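Everything below belongs to final.tsv, which stores TSV, C-alpha atoms and all ligand atoms.
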chain	number	residue	atom	x	y	z
A	131	MET	CA	0.00	0.00	0.00
A	132	ALA	CA	1.29	3.43	-0.95
A	133	ASN	CA	1.56	5.98	1.86
A	134	TRP	CA	-0.20	9.18	0.84
A	135	GLN	CA	0.42	12.58	2.39
A	136	THR	CA	-0.75	16.11	1.72
A	137	ALA	CA	2.25	18.15	0.56
A	138	THR	CA	2.70	21.89	0.15
A	139	ILE	CA	4.42	23.32	-2.93
A	140	LEU	CA	7.54	25.07	-1.63
A	141	ASN	CA	8.80	26.20	-5.01
A	142	ARG	CA	7.58	26.28	-8.60
A	143	LYS	CA	10.02	26.77	-11.47
A	144	VAL	CA	8.89	27.24	-15.05
A	145	TRP	CA	11.65	26.19	-17.47
A	146	ASP	CA	9.62	26.76	-20.61
A	147	ASP	CA	5.98	27.19	-21.51
A	148	GLY	CA	4.28	24.23	-19.74
A	149	LEU	CA	7.52	22.66	-18.52
A	150	ILE	CA	7.54	22.92	-14.73
A	151	SER	CA	9.41	21.70	-11.64
A	152	LEU	CA	7.72	21.57	-8.23
A	153	THR	CA	9.54	21.28	-4.91
A	154	LEU	CA	7.37	19.69	-2.25
A	155	ASP	CA	7.28	19.69	1.50
A	156	LEU	CA	6.98	15.88	1.70
A	157	GLU	CA	8.33	13.47	4.32
A	158	LEU	CA	9.99	11.06	1.91
A	159	GLU	CA	10.89	7.61	3.20
A	160	PRO	CA	14.44	6.42	2.32
A	161	PHE	CA	14.71	5.93	-1.45
A	162	LYS	CA	17.29	5.45	-4.18
A	163	ALA	CA	18.17	8.05	-6.81
A	164	GLY	CA	16.18	7.26	-9.96
A	165	GLN	CA	13.02	6.06	-8.21
A	166	PHE	CA	9.53	7.57	-8.58
A	167	ILE	CA	6.71	8.58	-6.26
A	168	LYS	CA	3.03	9.09	-7.10
A	169	VAL	CA	1.44	12.51	-7.21
A	170	GLY	CA	-2.31	13.02	-7.10
A	171	LEU	CA	-5.15	15.49	-6.93
A	172	GLN	CA	-8.62	14.87	-5.57
A	173	VAL	CA	-11.16	15.80	-8.25
A	174	GLY	CA	-14.69	15.25	-6.93
A	175	ASP	CA	-14.93	11.64	-5.80
A	176	GLU	CA	-11.86	10.61	-7.76
A	177	ARG	CA	-8.15	10.84	-6.96
A	178	ILE	CA	-6.21	11.31	-10.20
A	179	GLU	CA	-2.75	9.88	-9.58
A	180	ARG	CA	0.34	9.43	-11.78
A	181	PRO	CA	3.96	8.37	-11.20
A	182	TYR	CA	6.76	11.01	-11.24
A	183	SER	CA	10.49	10.44	-10.88
A	184	LEU	CA	12.22	12.23	-8.02
A	185	VAL	CA	14.71	14.83	-9.24
A	186	ASN	CA	16.26	15.29	-5.79
A	187	SER	CA	18.86	12.79	-4.62
A	188	GLU	CA	18.82	10.73	-1.43
A	189	ASP	CA	20.36	13.35	0.84
A	190	GLN	CA	18.38	16.35	-0.47
A	191	PRO	CA	15.51	16.87	1.96
A	192	ASN	CA	12.68	18.13	-0.26
A	193	ALA	CA	10.99	16.12	-3.01
A	194	GLU	CA	11.24	17.64	-6.48
A	195	ILE	CA	9.41	16.58	-9.64
A	196	LEU	CA	9.62	17.76	-13.27
A	197	PHE	CA	6.63	17.50	-15.61
A	198	ASN	CA	5.25	18.96	-18.80
A	199	GLU	CA	1.67	20.02	-19.33
A	200	VAL	CA	0.08	17.49	-21.68
A	201	GLU	CA	-2.87	18.93	-23.59
A	202	ASP	CA	-6.07	17.62	-21.94
A	203	GLY	CA	-3.92	15.49	-19.62
A	204	PRO	CA	-6.12	14.71	-16.60
A	205	LEU	CA	-3.41	15.41	-14.02
A	206	THR	CA	-0.87	17.71	-15.68
A	207	SER	CA	-3.49	20.20	-16.92
A	208	ARG	CA	-4.41	20.67	-13.24
A	209	LEU	CA	-0.91	20.39	-11.76
A	210	ALA	CA	0.28	23.16	-14.07
A	211	GLN	CA	-2.26	25.56	-12.50
A	212	LEU	CA	-0.98	25.08	-8.93
A	213	ASP	CA	1.18	27.77	-7.40
A	214	LYS	CA	3.68	28.00	-4.55
A	215	GLY	CA	1.89	27.49	-1.20
A	216	GLU	CA	-0.87	25.32	-2.68
A	217	GLN	CA	-1.28	21.65	-1.83
A	218	LEU	CA	-1.38	18.29	-3.62
A	219	LEU	CA	-1.26	14.63	-2.65
A	220	ALA	CA	1.90	12.55	-2.94
A	221	THR	CA	3.25	9.22	-1.75
A	222	THR	CA	6.11	9.20	0.72
A	223	ASP	CA	7.41	5.82	-0.55
A	224	ALA	CA	9.37	5.72	-3.84
A	225	HIS	CA	9.80	2.72	-6.13
A	226	GLY	CA	11.43	1.60	-9.37
A	227	PHE	CA	14.45	-0.25	-10.73
A	228	LEU	CA	16.15	2.50	-12.72
A	229	VAL	CA	18.73	2.87	-9.96
A	230	LEU	CA	22.53	2.77	-9.89
A	231	ASP	CA	22.52	-0.33	-7.61
A	232	GLU	CA	21.21	-2.32	-10.56
A	233	VAL	CA	23.94	-1.17	-12.96
A	234	PRO	CA	26.68	-3.79	-13.50
A	235	ASP	CA	30.28	-2.97	-12.64
A	236	VAL	CA	31.40	-1.09	-15.81
A	237	PRO	CA	33.54	2.03	-16.18
A	238	ASN	CA	31.23	4.08	-18.40
A	239	LEU	CA	27.61	5.11	-17.84
A	240	TRP	CA	25.42	6.67	-20.54
A	241	MET	CA	22.23	8.47	-19.48
A	242	ILE	CA	19.89	9.01	-22.43
A	243	ALA	CA	16.67	11.00	-21.91
A	244	THR	CA	13.94	12.71	-23.89
A	245	GLY	CA	11.92	15.57	-22.41
A	246	THR	CA	11.14	15.21	-18.72
A	247	GLY	CA	13.10	11.91	-18.64
A	248	ILE	CA	16.14	13.96	-17.59
A	249	GLY	CA	14.72	14.16	-14.02
A	250	PRO	CA	15.93	10.83	-12.56
A	251	PHE	CA	19.39	11.42	-14.08
A	252	ILE	CA	19.72	14.71	-12.17
A	253	SER	CA	18.95	12.72	-9.02
A	254	MET	CA	21.60	10.09	-9.87
A	255	LEU	CA	24.25	12.68	-10.76
A	256	ASN	CA	23.82	14.28	-7.34
A	257	SER	CA	23.99	10.90	-5.65
A	258	ALA	CA	27.25	9.61	-4.10
A	259	GLN	CA	26.85	6.38	-6.07
A	260	SER	CA	27.60	8.11	-9.38
A	261	GLN	CA	31.22	8.50	-8.19
A	262	ARG	CA	31.94	4.87	-9.06
A	263	PHE	CA	31.97	5.55	-12.83
A	264	GLU	CA	35.05	6.72	-14.74
A	265	ARG	CA	32.92	8.49	-17.34
A	266	ILE	CA	29.27	9.60	-17.44
A	267	VAL	CA	27.72	10.82	-20.70
A	268	ILE	CA	24.34	12.58	-20.48
A	269	ILE	CA	22.37	12.85	-23.73
A	270	HIS	CA	19.19	14.95	-23.56
A	271	GLY	CA	16.84	15.12	-26.54
A	272	THR	CA	14.22	17.87	-26.72
A	273	THR	CA	12.29	19.54	-29.52
A	274	HIS	CA	13.59	23.04	-28.69
A	275	GLU	CA	16.64	24.42	-26.92
A	276	ASN	CA	14.45	26.21	-24.36
A	277	SER	CA	13.13	22.84	-23.18
A	278	LEU	CA	16.54	21.77	-21.85
A	279	ALA	CA	15.52	21.73	-18.18
A	280	TYR	CA	18.41	21.74	-15.69
A	281	ARG	CA	20.81	22.80	-18.47
A	282	ASN	CA	22.76	25.21	-16.22
A	283	GLN	CA	23.21	22.58	-13.55
A	284	LEU	CA	24.38	20.00	-16.10
A	285	GLU	CA	26.77	22.43	-17.80
A	286	GLY	CA	28.11	23.33	-14.35
A	287	LEU	CA	28.73	19.66	-13.52
A	288	GLU	CA	30.46	19.13	-16.87
A	289	HIS	CA	32.65	22.14	-16.14
A	290	ILE	CA	33.85	20.99	-12.72
A	291	ASP	CA	33.92	17.21	-13.28
A	292	GLN	CA	36.18	15.87	-16.08
A	293	ARG	CA	34.29	12.56	-16.06
A	294	ILE	CA	31.06	14.15	-17.28
A	295	SER	CA	29.94	15.01	-20.82
A	296	TYR	CA	26.58	16.76	-21.33
A	297	LEU	CA	25.27	16.49	-24.88
A	298	PRO	CA	21.88	18.03	-25.80
A	299	VAL	CA	20.17	16.96	-29.05
A	300	ILE	CA	17.56	19.35	-30.49
A	301	SER	CA	15.04	17.99	-33.01
A	302	ARG	CA	12.96	20.91	-34.23
A	303	GLU	CA	15.13	24.00	-34.51
A	304	LYS	CA	18.58	25.06	-35.64
A	305	THR	CA	21.05	25.70	-32.83
A	306	ASP	CA	24.47	27.20	-32.45
A	307	GLY	CA	26.63	24.10	-32.07
A	308	LEU	CA	24.34	21.55	-30.37
A	309	MET	CA	23.56	18.21	-32.03
A	310	GLU	CA	20.47	18.44	-34.21
A	311	GLY	CA	17.84	15.84	-35.16
A	312	ARG	CA	17.08	12.81	-33.04
A	313	ILE	CA	19.27	10.98	-30.53
A	314	THR	CA	19.02	7.84	-32.68
A	315	GLU	CA	20.40	9.57	-35.79
A	316	ASN	CA	23.29	11.05	-33.83
A	317	LEU	CA	24.09	7.67	-32.27
A	318	SER	CA	24.03	5.88	-35.64
A	319	SER	CA	26.22	8.49	-37.34
A	320	GLY	CA	28.86	8.30	-34.58
A	321	GLU	CA	28.43	12.02	-33.75
A	322	VAL	CA	27.56	11.27	-30.11
A	323	GLU	CA	30.71	9.20	-29.55
A	324	LYS	CA	32.82	11.81	-31.32
A	325	ARG	CA	31.54	14.57	-29.02
A	326	ALA	CA	31.82	12.39	-25.91
A	327	ASN	CA	35.27	11.21	-27.00
A	328	LEU	CA	34.21	7.74	-25.86
A	329	GLU	CA	33.37	4.51	-27.67
A	330	LEU	CA	29.95	3.05	-26.91
A	331	ASN	CA	30.55	-0.71	-26.90
A	332	ALA	CA	29.13	-3.70	-25.05
A	333	GLU	CA	32.34	-4.39	-23.12
A	334	GLN	CA	32.72	-1.28	-20.98
A	335	ASN	CA	29.42	0.58	-21.06
A	336	HIS	CA	25.94	0.58	-19.55
A	337	VAL	CA	23.09	2.68	-20.96
A	338	LEU	CA	20.13	4.08	-19.01
A	339	LEU	CA	17.13	5.20	-21.10
A	340	CYS	CA	14.28	7.37	-19.82
A	341	GLY	CA	11.31	9.11	-21.43
A	342	ASN	CA	9.48	8.57	-24.71
A	343	ILE	CA	8.76	4.88	-25.48
A	344	ASP	CA	9.49	5.30	-29.19
A	345	MET	CA	12.94	6.71	-28.41
A	346	ILE	CA	13.53	3.82	-26.00
A	347	ARG	CA	12.52	1.26	-28.64
A	348	ASP	CA	14.57	2.90	-31.41
A	349	VAL	CA	17.72	3.44	-29.31
A	350	GLN	CA	17.60	-0.23	-28.29
A	351	ALA	CA	17.55	-1.16	-31.99
A	352	VAL	CA	20.63	1.03	-32.64
A	353	LEU	CA	22.42	-0.49	-29.65
A	354	ALA	CA	21.49	-4.05	-30.72
A	355	GLU	CA	23.82	-3.50	-33.69
A	356	ARG	CA	26.59	-3.16	-31.10
A	357	ASP	CA	25.52	-6.38	-29.35
A	358	MET	CA	24.03	-4.41	-26.46
A	359	LYS	CA	20.84	-5.83	-24.97
A	360	LYS	CA	18.36	-5.22	-22.16
A	361	HIS	CA	19.74	-5.79	-18.67
A	362	LYS	CA	17.89	-8.20	-16.41
A	363	ARG	CA	18.87	-9.17	-12.89
A	364	PHE	CA	19.35	-12.84	-13.78
A	365	GLU	CA	20.47	-12.22	-17.36
A	366	PRO	CA	22.95	-9.34	-17.30
A	367	GLY	CA	22.88	-6.95	-20.23
A	368	HIS	CA	23.77	-3.36	-21.07
A	369	ILE	CA	20.54	-1.33	-21.16
A	370	SER	CA	18.13	-0.33	-18.35
A	371	MET	CA	15.06	1.83	-18.89
A	372	GLU	CA	12.05	3.72	-17.54
A	373	LYS	CA	9.21	4.32	-20.00
A	374	TYR	CA	7.13	7.47	-19.33
A	375	HIS	CA	4.74	7.60	-22.29
A	401	LIG	C1	7.38	5.14	-13.89
A	401	LIG	C2	6.92	6.44	-14.50
A	401	LIG	C3	7.52	7.62	-14.13
A	401	LIG	C4	7.12	8.82	-14.71
A	401	LIG	N1	7.76	9.98	-14.37
A	401	LIG	C5	7.43	11.13	-15.00
A	401	LIG	C6	8.14	12.33	-14.71
A	401	LIG	O1	9.07	12.38	-13.88
A	401	LIG	N2	7.78	13.46	-15.38
A	401	LIG	C7	6.76	13.45	-16.30
A	401	LIG	O2	6.48	14.51	-16.90
A	401	LIG	N3	6.07	12.34	-16.58
A	401	LIG	C8	6.37	11.19	-15.94
A	401	LIG	N4	5.65	10.06	-16.19
A	401	LIG	C9	4.39	10.21	-16.96
A	401	LIG	C10	3.31	10.72	-15.95
A	401	LIG	O3	3.03	9.70	-15.01
A	401	LIG	C11	1.98	11.14	-16.61
A	401	LIG	O4	1.52	10.13	-17.48
A	401	LIG	C12	2.14	12.45	-17.39
A	401	LIG	O5	2.59	13.49	-16.53
A	401	LIG	C13	0.81	12.90	-18.02
A	401	LIG	O6	-0.20	12.89	-17.04
A	401	LIG	P1	-1.68	13.31	-17.40
A	401	LIG	O7	-2.60	12.79	-16.35
A	401	LIG	O8	-1.75	14.76	-17.68
A	401	LIG	O9	-1.97	12.54	-18.78
A	401	LIG	P2	-2.01	10.96	-19.00
A	401	LIG	O10	-3.46	10.52	-19.04
A	401	LIG	O11	-1.14	10.25	-18.02
A	401	LIG	O12	-1.36	10.85	-20.41
A	401	LIG	C14	-1.98	11.40	-21.57
A	401	LIG	C15	-1.02	11.27	-22.75
A	401	LIG	O13	0.05	12.19	-22.55
A	401	LIG	C16	1.27	11.68	-23.07
A	401	LIG	N5	2.31	11.78	-22.02
A	401	LIG	C17	2.41	11.14	-20.84
A	401	LIG	N6	3.49	11.53	-20.15
A	401	LIG	C18	4.11	12.44	-20.91
A	401	LIG	C19	5.29	13.19	-20.74
A	401	LIG	N7	6.08	13.09	-19.63
A	401	LIG	N8	5.65	14.02	-21.75
A	401	LIG	C20	4.91	14.13	-22.83
A	401	LIG	N9	3.78	13.45	-23.06
A	401	LIG	C21	3.37	12.62	-22.11
A	401	LIG	C22	0.98	10.28	-23.52
A	401	LIG	O14	0.82	10.27	-24.93
A	401	LIG	C23	-0.31	9.91	-22.85
A	401	LIG	O15	-1.05	9.00	-23.58
A	401	LIG	C24	6.05	8.84	-15.65
A	401	LIG	C25	5.42	7.63	-16.01
A	401	LIG	C26	5.85	6.46	-15.46
A	401	LIG	C27	5.16	5.17	-15.88
A	402	LIG	N1	8.66	22.14	-23.32
A	402	LIG	C1	8.11	20.94	-23.22
A	402	LIG	O1	8.81	19.95	-23.11
A	402	LIG	C2	6.61	20.85	-23.20
A	402	LIG	C3	5.91	21.84	-22.56
A	402	LIG	C4	4.53	21.77	-22.53
A	402	LIG	C5	3.86	20.75	-23.17
A	402	LIG	N2	4.56	19.78	-23.82
A	402	LIG	C6	3.78	18.73	-24.50
A	402	LIG	O2	4.19	17.41	-24.16
A	402	LIG	C7	4.12	16.57	-25.30
A	402	LIG	C8	5.46	15.98	-25.66
A	402	LIG	O3	6.50	16.65	-25.01
A	402	LIG	P1	8.04	16.52	-25.39
A	402	LIG	O4	8.32	17.27	-26.63
A	402	LIG	O5	8.82	16.83	-24.17
A	402	LIG	O6	8.24	14.95	-25.57
A	402	LIG	P2	8.45	14.00	-26.81
A	402	LIG	O7	7.33	14.07	-27.79
A	402	LIG	O8	8.72	12.72	-26.17
A	402	LIG	O9	9.77	14.55	-27.57
A	402	LIG	C9	11.01	14.76	-26.93
A	402	LIG	C10	12.14	14.45	-27.90
A	402	LIG	O10	12.13	13.07	-28.21
A	402	LIG	C11	12.32	12.91	-29.59
A	402	LIG	N3	11.82	11.62	-30.06
A	402	LIG	C12	10.53	11.26	-30.22
A	402	LIG	N4	10.47	10.00	-30.71
A	402	LIG	C13	11.75	9.58	-30.87
A	402	LIG	C14	12.34	8.38	-31.36
A	402	LIG	N5	11.58	7.36	-31.79
A	402	LIG	N6	13.67	8.30	-31.38
A	402	LIG	C15	14.44	9.32	-30.95
A	402	LIG	N7	13.95	10.49	-30.50
A	402	LIG	C16	12.61	10.62	-30.46
A	402	LIG	C17	11.59	14.07	-30.20
A	402	LIG	O11	12.00	14.26	-31.55
A	402	LIG	P3	10.97	14.78	-32.70
A	402	LIG	O12	10.79	16.24	-32.47
A	402	LIG	O13	11.70	14.46	-33.97
A	402	LIG	O14	9.71	14.01	-32.55
A	402	LIG	C18	12.00	15.18	-29.26
A	402	LIG	O15	13.24	15.71	-29.62
A	402	LIG	C19	3.60	17.42	-26.43
A	402	LIG	O16	2.22	17.22	-26.48
A	402	LIG	C20	3.96	18.82	-25.99
A	402	LIG	O17	3.09	19.76	-26.57
A	402	LIG	C21	5.93	19.80	-23.85
Please, can you express the file's structure as structure tokens?
Amino acid sequence: MANWQTATILNRKVWDDGLISLTLDLELEPFKAGQFIKVGLQVGDERIERPYSLVNSEDQPNAEILFNEVEDGPLTSRLAQLDKGEQLLATTDAHGFLVLDEVPDVPNLWMIATGTGIGPFISMLNSAQSQRFERIVIIHGTTHENSLAYRNQLEGLEHIDQRISYLPVISREKTDGLMEGRITENLSSGEVEKRANLELNAEQNHVLLCGNIDMIRDVQAVLAERDMKKHKRFEPGHISMEKYH
């Protein structure tokens, strides 16, 4: 049984039109970076509830979520209207297997996200466990440059930590120097590896995928050409994932 609590919105940040982070006054039970809680709103007799990854890491006290307003989305159309000081429902227990504990012992970690799928990777990057990797490559695909939530934080990490490469991929506008098109195209062409200065092979790498299910399916197909396959606890592989939509 999930443990529900009423939480107050401590902070609301708008990254782009309809792309919002909320910081919540929520008594989270111990969790692992990468896990998700449920957020809900009571609408009449019904509680509308959906899962959201935690953006905060284990030792950051307040829960933070990132979401985008989906047109006619039952929850997000309402969540987007809430302001600082207002209340919502949320679970205090977090769940999910997209966590660093589950990643085999390899030197290089690749975090590949579309849209709001960047959230759990922010949590992991701020978690002590991410220190075990020699290299971490973060690839974030969005339609527009303005939708690169947490860009400053990621560029800051890249600046201070030689192990980290942050590589945005923008699909629907021209940019000044970022990768353009889809993540899949840039993986297939070798552009991603060139920019990361790192080979993506099955021997030394693990890939985490989060966000759009089509991206997750298509990236797996690209990686299959490199003999990389889905990781299972009892059948170790190279790819772990969390599908949002
Ligand atoms: C394990 C898990 C973790 C998730 N974590 C997050 C998260 O951290 N942030 C987040 O924004 N969403 C996350 N989602 C999706 C989230 O739970 C909701 O589905 C989403 O916010 C839309 O809610 P809604 O009620 O407005 O519309 P829904 O009725 O849930 O969905 C309506 C339609 O919107 C589309 N959609 C759903 N999610 C998204 C999205 N994120 N971006 C664009 N289109 C979408 C789909 O086409 C879907 O059919 C997660 C989903 C799962 C399964
Ligand atoms: N700023 C925001 O993020 C925002 C704000 C408010 C509302 N919304 C709404 O949320 C919905 C979707 O949001 P979104 O744009 O964040 O998510 P999305 O549709 O999942 O797209 C995010 C990125 O994933 C790429 N992608 C999609 N399918 C792919 C595949 N098979 N392989 C590789 N890459 C793939 C997209 O490329 P393509 O462009 O080529 O498809 C895009 O660059 C829309 O209804 C939007 O209006 C978004």
Once you count all atoms listed in the file, which residues end up within 6 Å of ligand LIG 402 (chain A), and could you hand them over as a count of residues only? 23
If I take atom CA of A:Arg262 and atom CA of A:Pro237, how far is one from the other in Å, to one decimal?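 Between these atoms lies a distance of 7.8 Å.
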Given a cut-off of 8 Å, what residues near ligand LIG 401 (chain A) show up using all atoms listed in the file, put as a PyMOL selection string? chain A and resi 166-168+178-185+195-208+226+245-247+249-250+341-342+372-375
Skipping near chain neighbours, those fewer than 5 positions away, what residues fall within 12 Å of A:Glu310 using all atoms listed in the file, listed as a list in words?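 Surrounding residues, per the criterion: His270, Gly271, Thr272, Thr273, His274, Glu275, Leu297, Pro298, Val299, Ile300, Ser301, Arg302, Glu303, Lys304, Thr305, Glu315, Asn316, Leu317, Ser319, Glu321 and Val322 of chain A.
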Would you output that residue set with C-alpha atoms, as a PDB file, keeping the file's coordinate frame?
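Output file part.pdb follows:
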ATOM      1  CA  HIS A 270      19.190  14.950 -23.560  1.00  0.00           C
ATOM      2  CA  GLY A 271      16.840  15.120 -26.540  1.00  0.00           C
ATOM      3  CA  THR A 272      14.220  17.870 -26.720  1.00  0.00           C
ATOM      4  CA  THR A 273      12.290  19.540 -29.520  1.00  0.00           C
ATOM      5  CA  HIS A 274      13.590  23.040 -28.690  1.00  0.00           C
ATOM      6  CA  GLU A 275      16.640  24.420 -26.920  1.00  0.00           C
ATOM      7  CA  LEU A 297      25.270  16.490 -24.880  1.00  0.00           C
ATOM      8  CA  PRO A 298      21.880  18.030 -25.800  1.00  0.00           C
ATOM      9  CA  VAL A 299      20.170  16.960 -29.050  1.00  0.00           C
ATOM     10  CA  ILE A 300      17.560  19.350 -30.490  1.00  0.00           C
ATOM     11  CA  SER A 301      15.040  17.990 -33.010  1.00  0.00           C
ATOM     12  CA  ARG A 302      12.960  20.910 -34.230  1.00  0.00           C
ATOM     13  CA  GLU A 303      15.130  24.000 -34.510  1.00  0.00           C
ATOM     14  CA  LYS A 304      18.580  25.060 -35.640  1.00  0.00           C
ATOM     15  CA  THR A 305      21.050  25.700 -32.830  1.00  0.00           C
ATOM     16  CA  GLU A 315      20.400   9.570 -35.790  1.00  0.00           C
ATOM     17  CA  ASN A 316      23.290  11.050 -33.830  1.00  0.00           C
ATOM     18  CA  LEU A 317      24.090   7.670 -32.270  1.00  0.00           C
ATOM     19  CA  SER A 319      26.220   8.490 -37.340  1.00  0.00           C
ATOM     20  CA  GLU A 321      28.430  12.020 -33.750  1.00  0.00           C
ATOM     21  CA  VAL A 322      27.560  11.270 -30.110  1.00  0.00           C
TER      22      VAL A 322
END
Pick from A:Val229, A:Val337, A:Ala354, A:Met131 nearest to A:Ile268, counting only C-alpha atoms: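 Counting only C-alpha atoms, the residue closest to A:Ile268 is A:Val337.
The space separating atom CA of A:Glu285 from atom CA of A:Ser151 comes to 18.4 Å.
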Nearest to A:Gln190, chosen from A:Glu176, A:Glu157, A:Glu264, A:Asp306, with only C-alpha atoms counted in the distances: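 Using only C-alpha atoms, A:Gln190 sits closest to A:Glu157.
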In terms of the shortest atom-to-atom distance over all atoms listed in the file, which of A:Leu284, A:Ile242, A:Ala210, A:Leu140 is closest to A:Ala193?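 Looking at the shortest contact to A:Ala193, the residue is A:Leu140.
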